[in-house]
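Asks: My questions will all concern the structure given below.
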Amino acid sequence: MDKPTNKQFDADYFQRIYETTNWYGNARRGRCPSVRLLPSYKSYLKGKIVEFGCGRGQLVEKLKAEGYDCQGYDQIDLDNAMHVADITEDIDVQGDVAICIDCIEHIYDHDLLGLFENMKKFSTQIMSIHNGKSMHKGVELHINKKPFAAWREFIKAAGFEVIVEHLIHKHQILLVTKYND
């Protein structure tokens with residue numbers, strides 16, 4: 001597989017990864033950060049919740065099983081009852097909490113602005129960023145790495161105020177934000 005270089009290629013690339021690599025993003029194998037980090041942000045969940053970049057949909061399934069009103073969107077199609085959509089394009093959805101865990105670093109800056117427009121439709125945003133290595137068959141999947149200070153500035157410039165910041169480890173940060181319109 002070649003290194004991802006554009007949105008359509010990235011969509012096809014990640015579709016193949018999810019179809020052929022059972023461990024990738026799999027909570028049952030300890031590989032789903034949105035499920036693994038849930039205790040760090042669960043107290044902020046309320047009302048209608050949407051996970052952008054939901055992957056296999058395991059967080060959505062877990063939250064629904066716990067009684068939450070939750071749905072997920074991702075570009076990959078795994079026939080798993082998740083909505084298939086480009087999260088960097090306008091999606092007709094709104095609610096109380098938008099979640100985007102370890103997905104931002106897979107998206108180019110100019111496309112992140114579209115994702116942020118979707119997230120602005122929610123009163124609270126929960127996002128994490130992983131700046132460590134993420135290799136698949138010799139290809140680095142984290143195409144957008146920045147120091148956490150630069151990420152904070154990028155997020156602030158998009159209109160979000162960081163309410164809570166939690167350093168998970170030296171390569172991963174969790175942010176709870178509010179959009180200031």
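Residues in the structure tokens are named by chain (A, B, ... in the order shown) and by number from 1 within that chain; ligands are numbered from 1 in the order shown.
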List every residue of stretch 25-73 of chain A that has an atom at most 9 Å from any atom of stretch 95-106 of chain A, giving for each one its closest atom pair and the distance in Å to one decimal, counting only C-alpha atoms, sorted by chain and then by ascending residue number, as JSON lines.
Replies:
{"residue": "A:Pro33", "atom": "CA", "partner": "A:Ile101", "partner_atom": "CA", "distance": 6.6}
{"residue": "A:Ser34", "atom": "CA", "partner": "A:Ile101", "partner_atom": "CA", "distance": 5.4}
{"residue": "A:Leu37", "atom": "CA", "partner": "A:Ile101", "partner_atom": "CA", "distance": 8.6}
{"residue": "A:Tyr44", "atom": "CA", "partner": "A:Val97", "partner_atom": "CA", "distance": 8.0}
{"residue": "A:Leu45", "atom": "CA", "partner": "A:Val97", "partner_atom": "CA", "distance": 6.5}
{"residue": "A:Lys46", "atom": "CA", "partner": "A:Asp96", "partner_atom": "CA", "distance": 6.7}
{"residue": "A:Gly47", "atom": "CA", "partner": "A:Asp96", "partner_atom": "CA", "distance": 5.6}
{"residue": "A:Lys48", "atom": "CA", "partner": "A:Gly95", "partner_atom": "CA", "distance": 4.9}
{"residue": "A:Ile49", "atom": "CA", "partner": "A:Val97", "partner_atom": "CA", "distance": 4.8}
{"residue": "A:Val50", "atom": "CA", "partner": "A:Ala98", "partner_atom": "CA", "distance": 5.0}
{"residue": "A:Glu51", "atom": "CA", "partner": "A:Ile99", "partner_atom": "CA", "distance": 4.5}
{"residue": "A:Phe52", "atom": "CA", "partner": "A:Cys100", "partner_atom": "CA", "distance": 5.1}
{"residue": "A:Gly53", "atom": "CA", "partner": "A:Cys103", "partner_atom": "CA", "distance": 6.1}
{"residue": "A:Cys54", "atom": "CA", "partner": "A:Cys100", "partner_atom": "CA", "distance": 7.7}
Asks: Per residue of stretch 33-136 of chain A within 10 Å of stretch 9-13 of chain A, which atom pair is closest and at what distance in Å (one decimal), using only C-alpha atoms, listed by chain and increasing number, as JSON lines?
Replies:
{"residue": "A:Asp74", "atom": "CA", "partner": "A:Ala11", "partner_atom": "CA", "distance": 9.5}
{"residue": "A:Gln75", "atom": "CA", "partner": "A:Ala11", "partner_atom": "CA", "distance": 6.2}
{"residue": "A:Ile76", "atom": "CA", "partner": "A:Ala11", "partner_atom": "CA", "distance": 6.8}
{"residue": "A:Asp77", "atom": "CA", "partner": "A:Ala11", "partner_atom": "CA", "distance": 9.9}
{"residue": "A:Asp86", "atom": "CA", "partner": "A:Ala11", "partner_atom": "CA", "distance": 8.6}
{"residue": "A:His106", "atom": "CA", "partner": "A:Asp10", "partner_atom": "CA", "distance": 8.9}
{"residue": "A:Ile107", "atom": "CA", "partner": "A:Asp10", "partner_atom": "CA", "distance": 9.1}
Asks: Between A:Ala65, A:Ala85, A:Ile155, A:Ile126, which is the closest to A:Ser40 once you count only C-alpha atoms?
Replies: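 Looking at the shortest contact to A:Ser40, the residue is A:Ile126.
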Asks: Which residue gives the smallest distance to A:Glu89 among A:Lys64, A:Asp69, A:Leu115, A:Tyr179, with only C-alpha atoms counted?
Replies: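 Distance minimum relative to A:Glu89 lands on A:Leu115.
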Asks: Taking the chain letters and numbering used in this document, name the residues of chain A that DSSP puts in strand (DSSP E or B), as a compact mmCIF listing (two decimals) with all heavy atoms, in the first residue's frame.
Replies:
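File selection15.txt, as written:
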# COMPACT_ATOMS: atom_id res chain seq x y z
N LYS A 48 -28.11 13.97 23.01
CA LYS A 48 -27.80 13.35 21.73
C LYS A 48 -26.30 13.44 21.47
O LYS A 48 -25.72 14.52 21.48
CB LYS A 48 -28.56 14.03 20.60
CG LYS A 48 -28.33 13.38 19.26
CD LYS A 48 -29.18 13.99 18.17
CE LYS A 48 -28.91 13.26 16.87
NZ LYS A 48 -29.65 13.87 15.77
N ILE A 49 -25.69 12.28 21.23
CA ILE A 49 -24.25 12.15 21.06
C ILE A 49 -23.96 11.64 19.66
O ILE A 49 -24.62 10.72 19.19
CB ILE A 49 -23.66 11.17 22.10
CG1 ILE A 49 -23.99 11.64 23.52
CG2 ILE A 49 -22.17 10.99 21.89
CD1 ILE A 49 -23.78 10.57 24.57
N VAL A 50 -22.96 12.23 19.01
CA VAL A 50 -22.51 11.75 17.71
C VAL A 50 -21.00 11.55 17.77
O VAL A 50 -20.27 12.42 18.25
CB VAL A 50 -22.87 12.73 16.58
CG1 VAL A 50 -22.19 12.35 15.28
CG2 VAL A 50 -24.38 12.79 16.38
N GLU A 51 -20.56 10.39 17.30
CA GLU A 51 -19.13 10.14 17.18
C GLU A 51 -18.74 10.30 15.71
O GLU A 51 -19.24 9.58 14.85
CB GLU A 51 -18.73 8.76 17.68
CG GLU A 51 -17.22 8.57 17.61
CD GLU A 51 -16.73 7.20 18.02
OE1 GLU A 51 -17.53 6.25 18.09
OE2 GLU A 51 -15.52 7.08 18.25
N PHE A 52 -17.84 11.25 15.46
CA PHE A 52 -17.28 11.44 14.13
C PHE A 52 -16.00 10.64 14.03
O PHE A 52 -15.13 10.74 14.89
CB PHE A 52 -16.99 12.93 13.87
CG PHE A 52 -18.22 13.77 13.78
CD1 PHE A 52 -18.58 14.62 14.81
CD2 PHE A 52 -19.04 13.72 12.66
CE1 PHE A 52 -19.72 15.41 14.73
CE2 PHE A 52 -20.17 14.50 12.57
CZ PHE A 52 -20.52 15.34 13.61
N ASP A 69 -28.39 8.07 23.66
CA ASP A 69 -28.83 8.34 22.29
C ASP A 69 -27.57 8.68 21.50
O ASP A 69 -27.03 9.79 21.62
CB ASP A 69 -29.82 9.52 22.28
CG ASP A 69 -30.29 9.91 20.90
OD1 ASP A 69 -29.91 9.25 19.91
OD2 ASP A 69 -31.02 10.92 20.81
N CYS A 70 -27.07 7.75 20.73
CA CYS A 70 -25.77 7.91 20.09
C CYS A 70 -25.79 7.36 18.67
O CYS A 70 -26.43 6.34 18.41
CB CYS A 70 -24.71 7.18 20.92
SG CYS A 70 -23.02 7.48 20.38
N GLN A 71 -25.09 8.03 17.78
CA GLN A 71 -24.91 7.54 16.42
C GLN A 71 -23.50 7.85 15.97
O GLN A 71 -22.83 8.72 16.54
CB GLN A 71 -25.95 8.13 15.48
CG GLN A 71 -26.02 9.62 15.44
CD GLN A 71 -27.15 10.12 14.57
OE1 GLN A 71 -27.16 9.86 13.38
NE2 GLN A 71 -28.09 10.82 15.17
N GLY A 72 -23.05 7.14 14.95
CA GLY A 72 -21.69 7.32 14.48
C GLY A 72 -21.60 7.55 12.99
O GLY A 72 -22.44 7.05 12.23
N TYR A 73 -20.57 8.29 12.60
CA TYR A 73 -20.29 8.60 11.19
C TYR A 73 -18.83 8.29 10.89
O TYR A 73 -17.95 8.67 11.66
CB TYR A 73 -20.55 10.08 10.90
CG TYR A 73 -22.00 10.46 10.92
CD1 TYR A 73 -22.63 10.75 12.11
CD2 TYR A 73 -22.74 10.52 9.75
CE1 TYR A 73 -23.97 11.09 12.15
CE2 TYR A 73 -24.09 10.87 9.77
CZ TYR A 73 -24.69 11.15 10.97
OH TYR A 73 -26.02 11.50 11.00
N ASP A 74 -18.59 7.63 9.77
CA ASP A 74 -17.24 7.37 9.32
C ASP A 74 -17.27 7.18 7.81
O ASP A 74 -18.30 6.81 7.25
CB ASP A 74 -16.65 6.12 9.99
CG ASP A 74 -15.13 6.13 10.00
OD1 ASP A 74 -14.51 6.20 8.91
OD2 ASP A 74 -14.56 6.06 11.09
N HIS A 83 -23.40 5.38 10.11
CA HIS A 83 -23.62 6.21 8.93
C HIS A 83 -22.31 6.34 8.16
O HIS A 83 -21.27 6.64 8.74
CB HIS A 83 -24.10 7.60 9.34
CG HIS A 83 -25.40 7.58 10.08
ND1 HIS A 83 -26.61 7.46 9.45
CD2 HIS A 83 -25.66 7.64 11.40
CE1 HIS A 83 -27.57 7.47 10.35
NE2 HIS A 83 -27.02 7.57 11.56
N VAL A 84 -22.38 6.13 6.86
CA VAL A 84 -21.20 6.28 6.01
C VAL A 84 -21.24 7.69 5.43
O VAL A 84 -22.18 8.06 4.72
CB VAL A 84 -21.16 5.22 4.89
CG1 VAL A 84 -19.95 5.44 3.99
CG2 VAL A 84 -21.16 3.82 5.48
N GLY A 95 -26.64 18.11 17.92
CA GLY A 95 -26.95 17.46 19.18
C GLY A 95 -26.24 18.12 20.33
O GLY A 95 -25.90 19.30 20.28
N ASP A 96 -25.98 17.34 21.35
CA ASP A 96 -25.39 17.85 22.58
C ASP A 96 -23.88 17.64 22.65
O ASP A 96 -23.15 18.51 23.09
CB ASP A 96 -26.07 17.20 23.78
CG ASP A 96 -27.55 17.53 23.82
OD1 ASP A 96 -27.89 18.70 24.02
OD2 ASP A 96 -28.37 16.60 23.60
N VAL A 97 -23.42 16.45 22.26
CA VAL A 97 -22.00 16.12 22.40
C VAL A 97 -21.48 15.50 21.11
O VAL A 97 -22.05 14.53 20.61
CB VAL A 97 -21.77 15.14 23.57
CG1 VAL A 97 -20.28 14.81 23.71
CG2 VAL A 97 -22.31 15.70 24.88
N ALA A 98 -20.41 16.09 20.59
CA ALA A 98 -19.69 15.52 19.44
C ALA A 98 -18.40 14.90 19.96
O ALA A 98 -17.67 15.53 20.74
CB ALA A 98 -19.38 16.60 18.41
N ILE A 99 -18.13 13.69 19.53
CA ILE A 99 -16.93 12.97 19.95
C ILE A 99 -16.08 12.70 18.70
O ILE A 99 -16.61 12.27 17.68
CB ILE A 99 -17.28 11.63 20.63
CG1 ILE A 99 -18.12 11.88 21.88
CG2 ILE A 99 -16.02 10.84 20.96
CD1 ILE A 99 -18.68 10.60 22.51
N CYS A 100 -14.78 12.92 18.82
CA CYS A 100 -13.85 12.60 17.74
C CYS A 100 -12.53 12.20 18.39
O CYS A 100 -11.73 13.05 18.78
CB CYS A 100 -13.68 13.80 16.80
SG CYS A 100 -12.73 13.41 15.32
N ILE A 101 -12.35 10.91 18.55
CA ILE A 101 -11.21 10.38 19.30
C ILE A 101 -10.15 9.80 18.36
O ILE A 101 -10.45 8.93 17.55
CB ILE A 101 -11.68 9.30 20.30
CG1 ILE A 101 -12.73 9.85 21.27
CG2 ILE A 101 -10.49 8.68 21.04
CD1 ILE A 101 -12.23 10.91 22.23
N PHE A 122 -22.74 21.17 17.99
CA PHE A 122 -22.95 20.52 19.28
C PHE A 122 -22.51 21.45 20.40
O PHE A 122 -21.59 22.23 20.23
CB PHE A 122 -22.17 19.20 19.33
CG PHE A 122 -22.64 18.19 18.32
CD1 PHE A 122 -22.26 18.31 16.99
CD2 PHE A 122 -23.48 17.17 18.69
CE1 PHE A 122 -22.72 17.40 16.04
CE2 PHE A 122 -23.94 16.25 17.75
CZ PHE A 122 -23.56 16.38 16.43
N SER A 123 -23.14 21.33 21.55
CA SER A 123 -22.79 22.22 22.66
C SER A 123 -21.46 21.86 23.31
O SER A 123 -20.78 22.71 23.86
CB SER A 123 -23.91 22.25 23.71
OG SER A 123 -24.19 20.96 24.18
N THR A 124 -21.06 20.60 23.24
CA THR A 124 -19.79 20.13 23.80
C THR A 124 -19.09 19.26 22.77
O THR A 124 -19.74 18.46 22.09
CB THR A 124 -20.03 19.32 25.09
OG1 THR A 124 -20.72 20.13 26.03
CG2 THR A 124 -18.73 18.82 25.70
N GLN A 125 -17.78 19.41 22.71
CA GLN A 125 -16.97 18.58 21.81
C GLN A 125 -15.92 17.86 22.65
O GLN A 125 -15.30 18.47 23.52
CB GLN A 125 -16.26 19.43 20.74
CG GLN A 125 -17.16 20.25 19.88
CD GLN A 125 -17.63 21.55 20.54
OE1 GLN A 125 -16.95 22.12 21.39
NE2 GLN A 125 -18.82 21.99 20.17
N ILE A 126 -15.75 16.59 22.37
CA ILE A 126 -14.71 15.80 23.04
C ILE A 126 -13.82 15.26 21.94
O ILE A 126 -14.30 14.59 21.01
CB ILE A 126 -15.33 14.64 23.85
CG1 ILE A 126 -16.26 15.20 24.92
CG2 ILE A 126 -14.24 13.77 24.44
CD1 ILE A 126 -17.13 14.16 25.58
N MET A 127 -12.55 15.58 22.02
CA MET A 127 -11.62 15.11 20.99
C MET A 127 -10.31 14.71 21.63
O MET A 127 -9.93 15.24 22.67
CB MET A 127 -11.43 16.17 19.92
CG MET A 127 -10.99 17.53 20.41
SD MET A 127 -10.93 18.78 19.10
CE MET A 127 -12.46 19.64 19.41
N SER A 128 -9.66 13.76 21.01
CA SER A 128 -8.31 13.43 21.43
C SER A 128 -7.42 13.41 20.20
O SER A 128 -7.88 13.21 19.08
CB SER A 128 -8.25 12.09 22.17
OG SER A 128 -8.46 11.03 21.28
N ILE A 129 -6.17 13.66 20.46
CA ILE A 129 -5.16 13.70 19.40
C ILE A 129 -4.02 12.81 19.84
O ILE A 129 -3.54 12.90 20.97
CB ILE A 129 -4.67 15.14 19.17
CG1 ILE A 129 -5.86 16.03 18.81
CG2 ILE A 129 -3.59 15.17 18.10
CD1 ILE A 129 -5.58 17.51 18.97
N HIS A 130 -3.58 11.95 18.92
CA HIS A 130 -2.46 11.04 19.19
C HIS A 130 -1.33 11.40 18.24
O HIS A 130 -1.46 11.27 17.03
CB HIS A 130 -2.90 9.59 18.98
CG HIS A 130 -1.89 8.61 19.44
ND1 HIS A 130 -0.82 8.24 18.68
CD2 HIS A 130 -1.79 7.93 20.60
CE1 HIS A 130 -0.09 7.36 19.34
NE2 HIS A 130 -0.66 7.16 20.51
N MET A 135 1.73 2.92 12.66
CA MET A 135 2.22 2.28 11.45
C MET A 135 1.32 1.13 11.02
O MET A 135 0.79 0.40 11.84
CB MET A 135 3.64 1.74 11.69
CG MET A 135 4.64 2.78 12.14
SD MET A 135 4.92 4.10 10.96
CE MET A 135 5.84 3.23 9.71
N HIS A 136 1.14 1.02 9.71
CA HIS A 136 0.44 -0.11 9.12
C HIS A 136 1.22 -0.51 7.88
O HIS A 136 1.32 0.27 6.92
CB HIS A 136 -1.00 0.23 8.76
CG HIS A 136 -1.73 -0.93 8.16
ND1 HIS A 136 -1.86 -1.09 6.81
CD2 HIS A 136 -2.33 -1.99 8.74
CE1 HIS A 136 -2.53 -2.20 6.57
NE2 HIS A 136 -2.82 -2.76 7.72
N VAL A 139 3.65 2.09 6.69
CA VAL A 139 3.12 3.40 6.34
C VAL A 139 2.66 4.11 7.61
O VAL A 139 1.92 3.54 8.41
CB VAL A 139 1.93 3.27 5.35
CG1 VAL A 139 1.28 4.63 5.11
CG2 VAL A 139 2.38 2.65 4.06
N GLU A 140 3.10 5.34 7.79
CA GLU A 140 2.67 6.16 8.93
C GLU A 140 1.28 6.69 8.63
O GLU A 140 1.06 7.38 7.64
CB GLU A 140 3.64 7.32 9.13
CG GLU A 140 3.21 8.33 10.18
CD GLU A 140 3.02 7.75 11.57
OE1 GLU A 140 4.00 7.25 12.16
OE2 GLU A 140 1.89 7.80 12.07
N PHE A 160 -12.99 27.19 19.09
CA PHE A 160 -13.28 26.35 20.25
C PHE A 160 -12.50 26.82 21.47
O PHE A 160 -11.34 27.20 21.37
CB PHE A 160 -12.94 24.89 19.96
CG PHE A 160 -13.73 24.28 18.85
CD1 PHE A 160 -13.22 24.21 17.57
CD2 PHE A 160 -15.01 23.80 19.07
CE1 PHE A 160 -13.94 23.66 16.53
CE2 PHE A 160 -15.75 23.24 18.05
CZ PHE A 160 -15.22 23.17 16.77
N GLU A 161 -13.15 26.76 22.62
CA GLU A 161 -12.49 27.05 23.89
C GLU A 161 -12.26 25.73 24.62
O GLU A 161 -13.20 24.94 24.81
CB GLU A 161 -13.39 27.95 24.74
CG GLU A 161 -12.85 28.22 26.12
CD GLU A 161 -13.82 28.99 27.00
OE1 GLU A 161 -14.90 29.40 26.51
OE2 GLU A 161 -13.50 29.16 28.18
N VAL A 162 -11.03 25.49 25.00
CA VAL A 162 -10.71 24.26 25.73
C VAL A 162 -11.18 24.42 27.17
O VAL A 162 -10.75 25.33 27.88
CB VAL A 162 -9.21 23.94 25.67
CG1 VAL A 162 -8.88 22.73 26.53
CG2 VAL A 162 -8.76 23.72 24.23
N ILE A 163 -12.09 23.56 27.58
CA ILE A 163 -12.63 23.57 28.94
C ILE A 163 -11.84 22.62 29.84
O ILE A 163 -11.56 22.92 31.00
CB ILE A 163 -14.13 23.14 28.93
CG1 ILE A 163 -14.94 24.01 27.98
CG2 ILE A 163 -14.72 23.14 30.32
CD1 ILE A 163 -14.91 25.48 28.29
N VAL A 164 -11.48 21.46 29.29
CA VAL A 164 -10.73 20.45 30.03
C VAL A 164 -9.64 19.92 29.12
O VAL A 164 -9.87 19.66 27.93
CB VAL A 164 -11.64 19.28 30.47
CG1 VAL A 164 -10.82 18.18 31.12
CG2 VAL A 164 -12.72 19.76 31.41
N GLU A 165 -8.46 19.78 29.68
CA GLU A 165 -7.35 19.19 28.96
C GLU A 165 -6.77 18.09 29.83
O GLU A 165 -6.48 18.31 31.00
CB GLU A 165 -6.29 20.24 28.66
CG GLU A 165 -5.12 19.72 27.90
CD GLU A 165 -4.13 20.82 27.54
OE1 GLU A 165 -4.57 21.93 27.16
OE2 GLU A 165 -2.93 20.56 27.66
N HIS A 166 -6.63 16.92 29.24
CA HIS A 166 -6.12 15.77 30.00
C HIS A 166 -5.03 15.10 29.17
O HIS A 166 -5.30 14.60 28.08
CB HIS A 166 -7.26 14.80 30.29
CG HIS A 166 -6.86 13.58 31.04
ND1 HIS A 166 -6.29 13.62 32.29
CD2 HIS A 166 -6.94 12.27 30.71
CE1 HIS A 166 -6.04 12.39 32.69
NE2 HIS A 166 -6.42 11.56 31.75
N LEU A 167 -3.80 15.12 29.67
CA LEU A 167 -2.71 14.43 29.01
C LEU A 167 -2.83 12.94 29.33
O LEU A 167 -2.70 12.54 30.49
CB LEU A 167 -1.36 14.98 29.49
CG LEU A 167 -0.14 14.40 28.80
CD1 LEU A 167 -0.09 14.79 27.33
CD2 LEU A 167 1.13 14.89 29.51
N ILE A 168 -3.11 12.15 28.32
CA ILE A 168 -3.25 10.70 28.50
C ILE A 168 -1.86 10.09 28.67
O ILE A 168 -1.60 9.31 29.58
CB ILE A 168 -3.98 10.05 27.31
CG1 ILE A 168 -5.36 10.70 27.08
CG2 ILE A 168 -4.09 8.54 27.50
CD1 ILE A 168 -6.33 10.59 28.23
N HIS A 169 -0.95 10.43 27.77
CA HIS A 169 0.47 10.10 27.86
C HIS A 169 1.22 11.07 26.96
O HIS A 169 0.59 11.95 26.36
CB HIS A 169 0.76 8.62 27.53
CG HIS A 169 0.26 8.17 26.20
ND1 HIS A 169 0.84 8.56 25.01
CD2 HIS A 169 -0.78 7.38 25.86
CE1 HIS A 169 0.19 8.01 24.01
NE2 HIS A 169 -0.80 7.29 24.50
N GLN A 172 -0.44 11.59 23.58
CA GLN A 172 -1.90 11.65 23.42
C GLN A 172 -2.53 12.62 24.42
O GLN A 172 -2.21 12.59 25.61
CB GLN A 172 -2.51 10.26 23.61
CG GLN A 172 -3.98 10.19 23.28
CD GLN A 172 -4.50 8.77 23.41
OE1 GLN A 172 -4.07 8.00 24.29
NE2 GLN A 172 -5.42 8.41 22.55
N ILE A 173 -3.43 13.45 23.90
CA ILE A 173 -4.12 14.44 24.72
C ILE A 173 -5.62 14.33 24.46
O ILE A 173 -6.04 14.05 23.34
CB ILE A 173 -3.58 15.86 24.41
CG1 ILE A 173 -4.04 16.85 25.47
CG2 ILE A 173 -3.94 16.30 23.01
CD1 ILE A 173 -3.30 18.17 25.40
N LEU A 174 -6.40 14.54 25.51
CA LEU A 174 -7.87 14.56 25.41
C LEU A 174 -8.33 15.96 25.74
O LEU A 174 -7.88 16.56 26.73
CB LEU A 174 -8.48 13.56 26.40
CG LEU A 174 -10.01 13.54 26.43
CD1 LEU A 174 -10.55 12.72 25.26
CD2 LEU A 174 -10.50 12.98 27.74
N LEU A 175 -9.20 16.52 24.91
CA LEU A 175 -9.72 17.86 25.11
C LEU A 175 -11.24 17.83 25.15
O LEU A 175 -11.87 17.13 24.36
CB LEU A 175 -9.28 18.79 23.97
CG LEU A 175 -7.79 18.90 23.71
CD1 LEU A 175 -7.54 19.67 22.43
CD2 LEU A 175 -7.08 19.55 24.89
N VAL A 176 -11.81 18.59 26.05
CA VAL A 176 -13.25 18.86 26.07
C VAL A 176 -13.37 20.35 25.76
O VAL A 176 -12.71 21.17 26.39
CB VAL A 176 -13.90 18.54 27.43
CG1 VAL A 176 -15.38 18.87 27.41
CG2 VAL A 176 -13.67 17.07 27.80
N THR A 177 -14.19 20.68 24.75
CA THR A 177 -14.26 22.06 24.29
C THR A 177 -15.72 22.53 24.19
O THR A 177 -16.65 21.73 24.21
CB THR A 177 -13.60 22.24 22.90
OG1 THR A 177 -14.35 21.50 21.93
CG2 THR A 177 -12.17 21.78 22.91
N LYS A 178 -15.83 23.84 24.08
CA LYS A 178 -17.10 24.52 23.77
C LYS A 178 -16.81 25.40 22.57
O LYS A 178 -15.73 25.98 22.47
CB LYS A 178 -17.57 25.38 24.94
CG LYS A 178 -17.81 24.65 26.23
CD LYS A 178 -19.12 23.95 26.21
CE LYS A 178 -19.36 23.28 27.55
NZ LYS A 178 -20.34 22.28 27.51
N TYR A 179 -17.79 25.52 21.69
CA TYR A 179 -17.63 26.42 20.55
C TYR A 179 -18.12 27.80 20.93
O TYR A 179 -19.21 27.96 21.46
CB TYR A 179 -18.39 25.89 19.33
CG TYR A 179 -18.38 26.85 18.18
CD1 TYR A 179 -17.18 27.19 17.57
CD2 TYR A 179 -19.55 27.42 17.73
CE1 TYR A 179 -17.16 28.09 16.52
CE2 TYR A 179 -19.54 28.32 16.66
CZ TYR A 179 -18.34 28.66 16.07
OH TYR A 179 -18.32 29.54 15.04
